[in-house]
file start27.pdb (PDB, C-alpha atoms)
ATOM      1  CA  ALA A  27     -61.385 -38.332 -18.584
ATOM      2  CA  THR A  28     -58.590 -38.331 -15.999
ATOM      3  CA  ILE A  29     -55.103 -39.691 -15.561
ATOM      4  CA  THR A  30     -52.966 -39.781 -12.426
ATOM      5  CA  TYR A  31     -49.231 -39.470 -12.960
ATOM      6  CA  LYS A  32     -45.912 -38.747 -11.310
ATOM      7  CA  LYS A  33     -44.421 -35.351 -12.116
ATOM      8  CA  THR A  34     -41.668 -35.996 -14.671
ATOM      9  CA  GLY A  35     -41.773 -33.078 -17.124
ATOM     10  CA  ASP A  36     -42.372 -35.465 -20.047
ATOM     11  CA  LYS A  37     -43.770 -33.479 -22.978
ATOM     12  CA  SER A  38     -44.042 -36.375 -25.448
ATOM     13  CA  GLU A  39     -47.113 -38.242 -26.625
ATOM     14  CA  ASN A  40     -46.490 -40.549 -23.636
ATOM     15  CA  SER A  41     -47.113 -37.684 -21.216
ATOM     16  CA  PRO A  42     -50.413 -37.440 -19.293
ATOM     17  CA  PHE A  43     -51.625 -34.882 -21.836
ATOM     18  CA  GLY A  44     -50.625 -37.238 -24.648
ATOM     19  CA  ALA A  45     -52.488 -40.170 -23.090
ATOM     20  CA  LEU A  46     -55.663 -38.120 -22.705
ATOM     21  CA  ALA A  47     -55.270 -36.643 -26.190
ATOM     22  CA  LYS A  48     -54.944 -40.168 -27.622
ATOM     23  CA  TYR A  49     -58.143 -41.145 -25.769
ATOM     24  CA  ILE A  50     -60.132 -38.478 -27.657
ATOM     25  CA  GLY A  51     -58.299 -39.104 -30.926
ATOM     26  CA  VAL A  52     -56.007 -36.076 -31.278
ATOM     27  CA  PHE A  53     -53.060 -38.180 -32.538
ATOM     28  CA  GLY A  54     -54.996 -40.435 -34.925
ATOM     29  CA  THR A  55     -57.117 -43.420 -33.995
ATOM     30  CA  PRO A  56     -58.814 -42.769 -30.639
ATOM     31  CA  GLN A  57     -57.853 -45.094 -27.817
ATOM     32  CA  ASN A  58     -61.362 -45.900 -26.636
ATOM     33  CA  GLU A  59     -64.127 -48.415 -27.227
ATOM     34  CA  GLY A  60     -66.831 -46.628 -29.171
ATOM     35  CA  ASP A  61     -68.910 -46.518 -32.289
ATOM     36  CA  THR A  62     -69.377 -42.830 -33.149
ATOM     37  CA  SER A  63     -66.656 -40.557 -34.456
ATOM     38  CA  ILE A  64     -66.772 -36.861 -33.537
ATOM     39  CA  ALA A  65     -64.581 -34.540 -35.617
ATOM     40  CA  MET A  66     -62.530 -31.855 -33.913
ATOM     41  CA  THR A  67     -64.641 -29.063 -35.431
ATOM     42  CA  ALA A  68     -68.098 -30.553 -36.030
ATOM     43  CA  PRO A  69     -69.994 -33.746 -35.210
ATOM     44  CA  VAL A  70     -69.625 -36.496 -37.826
ATOM     45  CA  VAL A  71     -71.547 -39.759 -37.638
ATOM     46  CA  MET A  72     -69.702 -42.861 -38.803
ATOM     47  CA  GLU A  73     -71.659 -45.883 -39.971
ATOM     48  CA  ASN A  74     -69.058 -48.489 -39.006
ATOM     49  CA  SER A  75     -69.882 -49.380 -35.416
ATOM     50  CA  ASN A  76     -66.490 -51.027 -34.814
ATOM     51  CA  LYS A  77     -64.510 -47.781 -34.999
ATOM     52  CA  PRO A  78     -63.287 -45.980 -31.870
ATOM     53  CA  THR A  79     -64.992 -42.716 -30.905
ATOM     54  CA  GLN A  80     -63.136 -39.500 -31.660
ATOM     55  CA  ILE A  81     -64.084 -36.879 -29.064
ATOM     56  CA  ALA A  82     -63.780 -33.141 -29.623
ATOM     57  CA  MET A  83     -61.001 -31.381 -27.725
ATOM     58  CA  THR A  84     -62.646 -29.333 -25.010
ATOM     59  CA  ALA A  85     -61.530 -26.734 -22.529
ATOM     60  CA  PRO A  86     -60.448 -26.503 -19.869
ATOM     61  CA  VAL A  87     -57.667 -29.019 -19.299
ATOM     62  CA  VAL A  88     -57.502 -29.312 -15.505
ATOM     63  CA  MET A  89     -54.457 -30.178 -13.388
ATOM     64  CA  GLU A  90     -54.375 -30.731  -9.646
ATOM     65  CA  ASN A  91     -52.389 -32.425  -6.919
ATOM     66  CA  ASN A  92     -53.745 -35.930  -6.403
ATOM     67  CA  LYS A  93     -55.865 -35.603  -3.249
ATOM     68  CA  ASP A  94     -56.194 -39.400  -2.987
ATOM     69  CA  ASP A  95     -52.465 -39.800  -2.379
ATOM     70  CA  ASP A  96     -50.207 -38.360   0.338
ATOM     71  CA  SER A  97     -47.288 -38.073  -2.103
ATOM     72  CA  ASP A  98     -46.438 -34.587  -3.381
ATOM     73  CA  SER A  99     -45.219 -36.062  -6.666
ATOM     74  CA  ASN A 100     -48.551 -37.503  -7.828
ATOM     75  CA  LYS A 101     -50.647 -35.222 -10.000
ATOM     76  CA  LYS A 102     -53.945 -35.546 -11.834
ATOM     77  CA  MET A 103     -54.795 -34.186 -15.281
ATOM     78  CA  MET A 104     -58.375 -34.048 -16.561
ATOM     79  CA  PHE A 105     -60.033 -33.383 -19.905
ATOM     80  CA  MET A 106     -63.622 -32.194 -19.645
ATOM     81  CA  LEU A 107     -65.754 -34.077 -22.156
ATOM     82  CA  PRO A 108     -68.239 -32.349 -24.482
ATOM     83  CA  VAL A 109     -71.845 -31.809 -23.369
ATOM     84  CA  GLU A 110     -73.221 -34.616 -25.562
ATOM     85  CA  TYR A 111     -71.585 -37.065 -23.125
ATOM     86  CA  ASP A 112     -74.098 -36.147 -20.431
ATOM     87  CA  SER A 113     -74.294 -39.606 -18.857
ATOM     88  CA  MET A 114     -71.694 -42.212 -17.992
ATOM     89  CA  ASP A 115     -73.207 -44.785 -20.357
ATOM     90  CA  LYS A 116     -72.619 -42.477 -23.371
ATOM     91  CA  ILE A 117     -68.886 -42.053 -22.695
ATOM     92  CA  PRO A 118     -66.578 -44.376 -24.651
ATOM     93  CA  LYS A 119     -64.450 -46.611 -22.434
ATOM     94  CA  PRO A 120     -60.707 -45.901 -22.633
ATOM     95  CA  THR A 121     -58.474 -48.686 -23.964
ATOM     96  CA  ASN A 122     -55.450 -47.269 -22.111
ATOM     97  CA  PRO A 123     -55.637 -48.589 -18.501
ATOM     98  CA  SER A 124     -54.074 -45.339 -17.222
ATOM     99  CA  VAL A 125     -57.018 -43.247 -18.455
ATOM    100  CA  HIS A 126     -60.129 -43.284 -16.258
ATOM    101  CA  ILE A 127     -63.586 -41.795 -16.580
ATOM    102  CA  GLU A 128     -64.872 -39.922 -13.533
ATOM    103  CA  GLU A 129     -68.192 -38.231 -12.969
ATOM    104  CA  ILE A 130     -67.608 -34.862 -11.349
ATOM    105  CA  PRO A 131     -70.579 -33.406  -9.477
ATOM    106  CA  SER A 132     -71.565 -29.787  -9.934
ATOM    107  CA  GLN A 133     -69.375 -27.493  -7.842
ATOM    108  CA  THR A 134     -69.095 -23.810  -6.988
ATOM    109  CA  GLY A 135     -65.742 -22.109  -6.794
ATOM    110  CA  VAL A 136     -63.723 -18.951  -7.235
ATOM    111  CA  VAL A 137     -61.135 -18.272  -9.905
ATOM    112  CA  HIS A 138     -58.168 -16.063 -10.526
ATOM    113  CA  VAL A 139     -57.847 -15.539 -14.299
ATOM    114  CA  TYR A 140     -54.467 -14.754 -15.831
ATOM    115  CA  ASN A 141     -52.693 -14.915 -19.159
ATOM    116  CA  GLY A 142     -49.129 -15.769 -20.097
ATOM    117  CA  LYS A 143     -46.987 -18.738 -19.231
ATOM    118  CA  TRP A 144     -47.984 -21.088 -16.475
ATOM    119  CA  GLY A 145     -46.095 -23.502 -14.305
ATOM    120  CA  GLU A 146     -46.237 -24.988 -10.840
ATOM    121  CA  ALA A 147     -44.300 -22.138  -9.186
ATOM    122  CA  ARG A 148     -46.457 -19.423 -10.790
ATOM    123  CA  ASN A 149     -49.664 -21.300 -10.043
ATOM    124  CA  THR A 150     -48.671 -21.697  -6.376
ATOM    125  CA  GLU A 151     -47.831 -17.983  -6.150
ATOM    126  CA  LEU A 152     -51.200 -17.031  -7.660
ATOM    127  CA  ALA A 153     -53.035 -19.522  -5.410
ATOM    128  CA  LYS A 154     -51.423 -17.856  -2.372
ATOM    129  CA  SER A 155     -52.525 -14.465  -3.677
ATOM    130  CA  LEU A 156     -56.079 -15.755  -4.197
ATOM    131  CA  ALA A 157     -56.095 -17.197  -0.676
ATOM    132  CA  GLN A 158     -54.987 -13.865   0.802
ATOM    133  CA  GLN A 159     -57.726 -12.047  -1.132
ATOM    134  CA  LEU A 160     -60.391 -14.496   0.085
ATOM    135  CA  ILE A 161     -59.168 -14.179   3.684
ATOM    136  CA  GLN A 162     -59.112 -10.368   3.364
ATOM    137  CA  ASP A 163     -62.664 -10.483   1.983
ATOM    138  CA  GLY A 164     -63.746 -12.357   5.129
ATOM    139  CA  VAL A 165     -64.686 -15.691   3.547
ATOM    140  CA  PRO A 166     -65.548 -17.986   6.472
ATOM    141  CA  ASP A 167     -63.131 -20.831   7.266
ATOM    142  CA  MET A 168     -60.754 -19.885   4.438
ATOM    143  CA  THR A 169     -57.044 -20.510   4.951
ATOM    144  CA  GLU A 170     -53.975 -20.360   2.760
ATOM    145  CA  GLU A 171     -53.297 -24.010   3.600
ATOM    146  CA  TYR A 172     -56.728 -25.044   2.285
ATOM    147  CA  VAL A 173     -56.229 -23.153  -0.992
ATOM    148  CA  LEU A 174     -52.698 -24.511  -1.544
ATOM    149  CA  ALA A 175     -53.852 -28.079  -0.886
ATOM    150  CA  ASN A 176     -56.954 -27.862  -3.095
ATOM    151  CA  TYR A 177     -56.476 -25.436  -5.975
ATOM    152  CA  GLN A 178     -56.686 -26.588  -9.568
ATOM    153  CA  PHE A 179     -55.052 -25.131 -12.670
ATOM    154  CA  TRP A 180     -57.441 -24.773 -15.628
ATOM    155  CA  GLY A 181     -55.881 -24.196 -19.050
ATOM    156  CA  TYR A 182     -58.040 -23.225 -22.009
ATOM    157  CA  ASN A 183     -55.650 -23.000 -24.954
ATOM    158  CA  PRO A 184     -53.524 -25.331 -27.063
ATOM    159  CA  PRO A 185     -49.811 -25.339 -26.178
ATOM    160  CA  PHE A 186     -48.893 -23.465 -29.382
ATOM    161  CA  THR A 187     -50.983 -20.390 -28.377
ATOM    162  CA  LEU A 188     -48.777 -17.357 -27.761
ATOM    163  CA  PRO A 189     -48.534 -16.891 -23.971
ATOM    164  CA  TYR A 190     -50.051 -13.389 -24.003
ATOM    165  CA  PHE A 191     -53.242 -14.792 -25.567
ATOM    166  CA  ARG A 192     -53.639 -17.782 -23.225
ATOM    167  CA  ARG A 193     -56.466 -17.961 -20.718
ATOM    168  CA  ASN A 194     -55.393 -19.660 -17.501
ATOM    169  CA  GLU A 195     -57.228 -19.977 -14.203
ATOM    170  CA  ILE A 196     -56.515 -20.926 -10.626
ATOM    171  CA  TRP A 197     -59.748 -22.502  -9.351
ATOM    172  CA  VAL A 198     -60.706 -23.231  -5.722
ATOM    173  CA  GLN A 199     -63.879 -25.030  -4.682
ATOM    174  CA  LEU A 200     -66.076 -23.277  -2.109
ATOM    175  CA  GLU A 201     -68.463 -24.722   0.420
ATOM    176  CA  SER A 202     -72.084 -23.523   0.157
ATOM    177  CA  ALA A 203     -71.742 -21.147   3.122
ATOM    178  CA  GLN A 204     -68.614 -19.585   1.618
ATOM    179  CA  ALA A 205     -70.292 -19.061  -1.764
ATOM    180  CA  ASP A 206     -73.392 -17.604  -0.068
ATOM    181  CA  TYR A 207     -71.194 -15.212   1.928
ATOM    182  CA  LEU A 208     -69.452 -13.937  -1.212
ATOM    183  CA  GLU A 209     -72.723 -13.574  -3.089
ATOM    184  CA  LYS A 210     -74.359 -11.607  -0.259
ATOM    185  CA  THR A 211     -71.288  -9.485   0.504
ATOM    186  CA  PHE A 212     -70.288  -8.639  -3.055
ATOM    187  CA  LYS A 213     -73.525  -8.253  -4.966
ATOM    188  CA  PRO A 214     -72.831  -7.170  -8.521
ATOM    189  CA  GLU A 215     -73.841  -3.620  -9.302
ATOM    190  CA  ILE A 216     -76.424  -3.392 -12.052
ATOM    191  CA  LYS A 217     -76.469  -0.059 -13.784
ATOM    192  CA  GLU A 218     -79.604   0.826 -15.639
ATOM    193  CA  THR A 219     -79.274   2.871 -18.790
ATOM    194  CA  SER A 220     -81.988   4.667 -20.632
ATOM    195  CA  ASN A 221     -82.217   5.343 -24.303
ATOM    196  CA  GLU A 222     -85.084   7.827 -23.888
ATOM    197  CA  GLY A 223     -84.721  10.898 -26.031
ATOM    198  CA  LYS A 224     -81.922   9.393 -28.101
ATOM    199  CA  LYS A 225     -82.292   8.887 -31.825
TER     200      LYS A 225
END
call {"tool": "encode", "arguments": {"input": "start27.pdb", "output": "structure tokens"}}
result
Amino acid sequence: ATITYKKTGDKSENSPFGALAKYIGVFGTPQNEGDTSIAMTAPVVMENSNKPTQIAMTAPVVMENNKDDDSDSNKKMMFMLPVEYDSMDKIPKPTNPSVHIEEIPSQTGVVHVYNGKWGEARNTELAKSLAQQLIQDGVPDMTEEYVLANYQFWGYNPPFTLPYFRRNEIWVQLESAQADYLEKTFKPEIKETSNEGKK
């Protein structure tokens, strides 16, 4: 589920996060057309087929610059839907016209994982650092400009999580040749251990 918005700093239920949260039913009745309710902690089947579908809160919440718009002020926020919504026809339709359902194809990327507070300035700084690391590692056709124009922020925790315990990521999509290069160049070391003679 996605929403495109102008950067305003609104933290209310009317914010992009609030609109997406209402779609899955975080603030009460879900704002979607559906017939199955899914509790936040476990699946629950409702018999009344006229009720909206409550969808479990999933991670990550993804934020990116809107690539479909030349304006720097337009952003996109996405909620990844649970695995049981594995086809477009299973996903409840949003009743809020600002919320859209998009099918995202499988992608390969690199991440920089960090904890603590996040914000646009910190994310940009970490994206630059990731770009420099990828360039230093010799990733073909990698530039700082590409990373800054295409990185996504992935947040995994509710807003009330203490910053030290938050998992945040800067994610950058790779082309197949770039992913192959990294895989061939930086093969993981596998250490074999033996338990022979130990009791």
call {"tool": "atom_distance", "arguments": {"input": "start27.pdb", "atom1": "atom CA of A:Ala203", "atom2": "atom CA of A:Met168"}}
result
11.1 Å
call {"tool": "atom_distance", "arguments": {"input": "start27.pdb", "atom1": "atom CA of A:Glu201", "atom2": "atom CA of A:Val136"}}
result
10.7 Å
call {"tool": "residues_around", "arguments": {"input": "start27.pdb", "residues": "stretch 146-155 of chain A", "least_positions_apart": "2", "cutoff": "12 Å", "atoms": "all atoms listed in the file", "output": "PyMOL selection string"}}
result
chain A and resi 33+35+89-91+99+101+136-144+157-162+168-181+194-198
call {"tool": "write_last_selection", "arguments": {"input": "start27.pdb", "atoms": "C-alpha atoms", "output": "CSV table (one decimal), in the frame of the given file"}}
result
chain,number,residue,atom,x,y,z
A,33,LYS,CA,-44.4,-35.4,-12.1
A,35,GLY,CA,-41.8,-33.1,-17.1
A,89,MET,CA,-54.5,-30.2,-13.4
A,90,GLU,CA,-54.4,-30.7,-9.6
A,91,ASN,CA,-52.4,-32.4,-6.9
A,99,SER,CA,-45.2,-36.1,-6.7
A,101,LYS,CA,-50.6,-35.2,-10.0
A,136,VAL,CA,-63.7,-19.0,-7.2
A,137,VAL,CA,-61.1,-18.3,-9.9
A,138,HIS,CA,-58.2,-16.1,-10.5
A,139,VAL,CA,-57.8,-15.5,-14.3
A,140,TYR,CA,-54.5,-14.8,-15.8
A,141,ASN,CA,-52.7,-14.9,-19.2
A,142,GLY,CA,-49.1,-15.8,-20.1
A,143,LYS,CA,-47.0,-18.7,-19.2
A,144,TRP,CA,-48.0,-21.1,-16.5
A,157,ALA,CA,-56.1,-17.2,-0.7
A,158,GLN,CA,-55.0,-13.9,0.8
A,159,GLN,CA,-57.7,-12.0,-1.1
A,160,LEU,CA,-60.4,-14.5,0.1
A,161,ILE,CA,-59.2,-14.2,3.7
A,162,GLN,CA,-59.1,-10.4,3.4
A,168,MET,CA,-60.8,-19.9,4.4
A,169,THR,CA,-57.0,-20.5,5.0
A,170,GLU,CA,-54.0,-20.4,2.8
A,171,GLU,CA,-53.3,-24.0,3.6
A,172,TYR,CA,-56.7,-25.0,2.3
A,173,VAL,CA,-56.2,-23.2,-1.0
A,174,LEU,CA,-52.7,-24.5,-1.5
A,175,ALA,CA,-53.9,-28.1,-0.9
A,176,ASN,CA,-57.0,-27.9,-3.1
A,177,TYR,CA,-56.5,-25.4,-6.0
A,178,GLN,CA,-56.7,-26.6,-9.6
A,179,PHE,CA,-55.1,-25.1,-12.7
A,180,TRP,CA,-57.4,-24.8,-15.6
A,181,GLY,CA,-55.9,-24.2,-19.0
A,194,ASN,CA,-55.4,-19.7,-17.5
A,195,GLU,CA,-57.2,-20.0,-14.2
A,196,ILE,CA,-56.5,-20.9,-10.6
A,197,TRP,CA,-59.7,-22.5,-9.4
A,198,VAL,CA,-60.7,-23.2,-5.7
call {"tool": "atom_distance", "arguments": {"input": "start27.pdb", "atom1": "atom CA of A:Lys116", "atom2": "atom CA of A:Pro131"}}
result
16.7 Å
call {"tool": "axis_aligned_box", "arguments": {"input": "start27.pdb", "around": "stretch 42-61 of chain A", "padding_each_side": "5 Å", "output": "lines of an AutoDock Vina configuration file"}}
result
center_x = -59.7
center_y = -41.6
center_z = -27.1
size_x = 28.5
size_y = 23.5
size_z = 25.6
call {"tool": "residues_around", "arguments": {"input": "start27.pdb", "residues": "A:Lys102", "least_positions_apart": "6", "cutoff": "9 Å", "atoms": "all atoms listed in the file", "output": "list in words"}}
result
Thr28, Ile29, Thr30, Tyr31, Lys32, Pro42, Val88, Met89, Glu90, Asn91, Asn92 and Lys93 of chain A
call {"tool": "resolve_selection", "arguments": {"input": "start27.pdb", "expression": "the PyMOL selection byres ((chain A and resi 53-58) around 6)", "output": "list of chain:residue names"}}
result
A:Lys48, A:Tyr49, A:Ile50, A:Gly51, A:Val52, A:Glu59, A:Pro78, A:Gln80, A:Pro118, A:Lys119, A:Pro120, A:Thr121
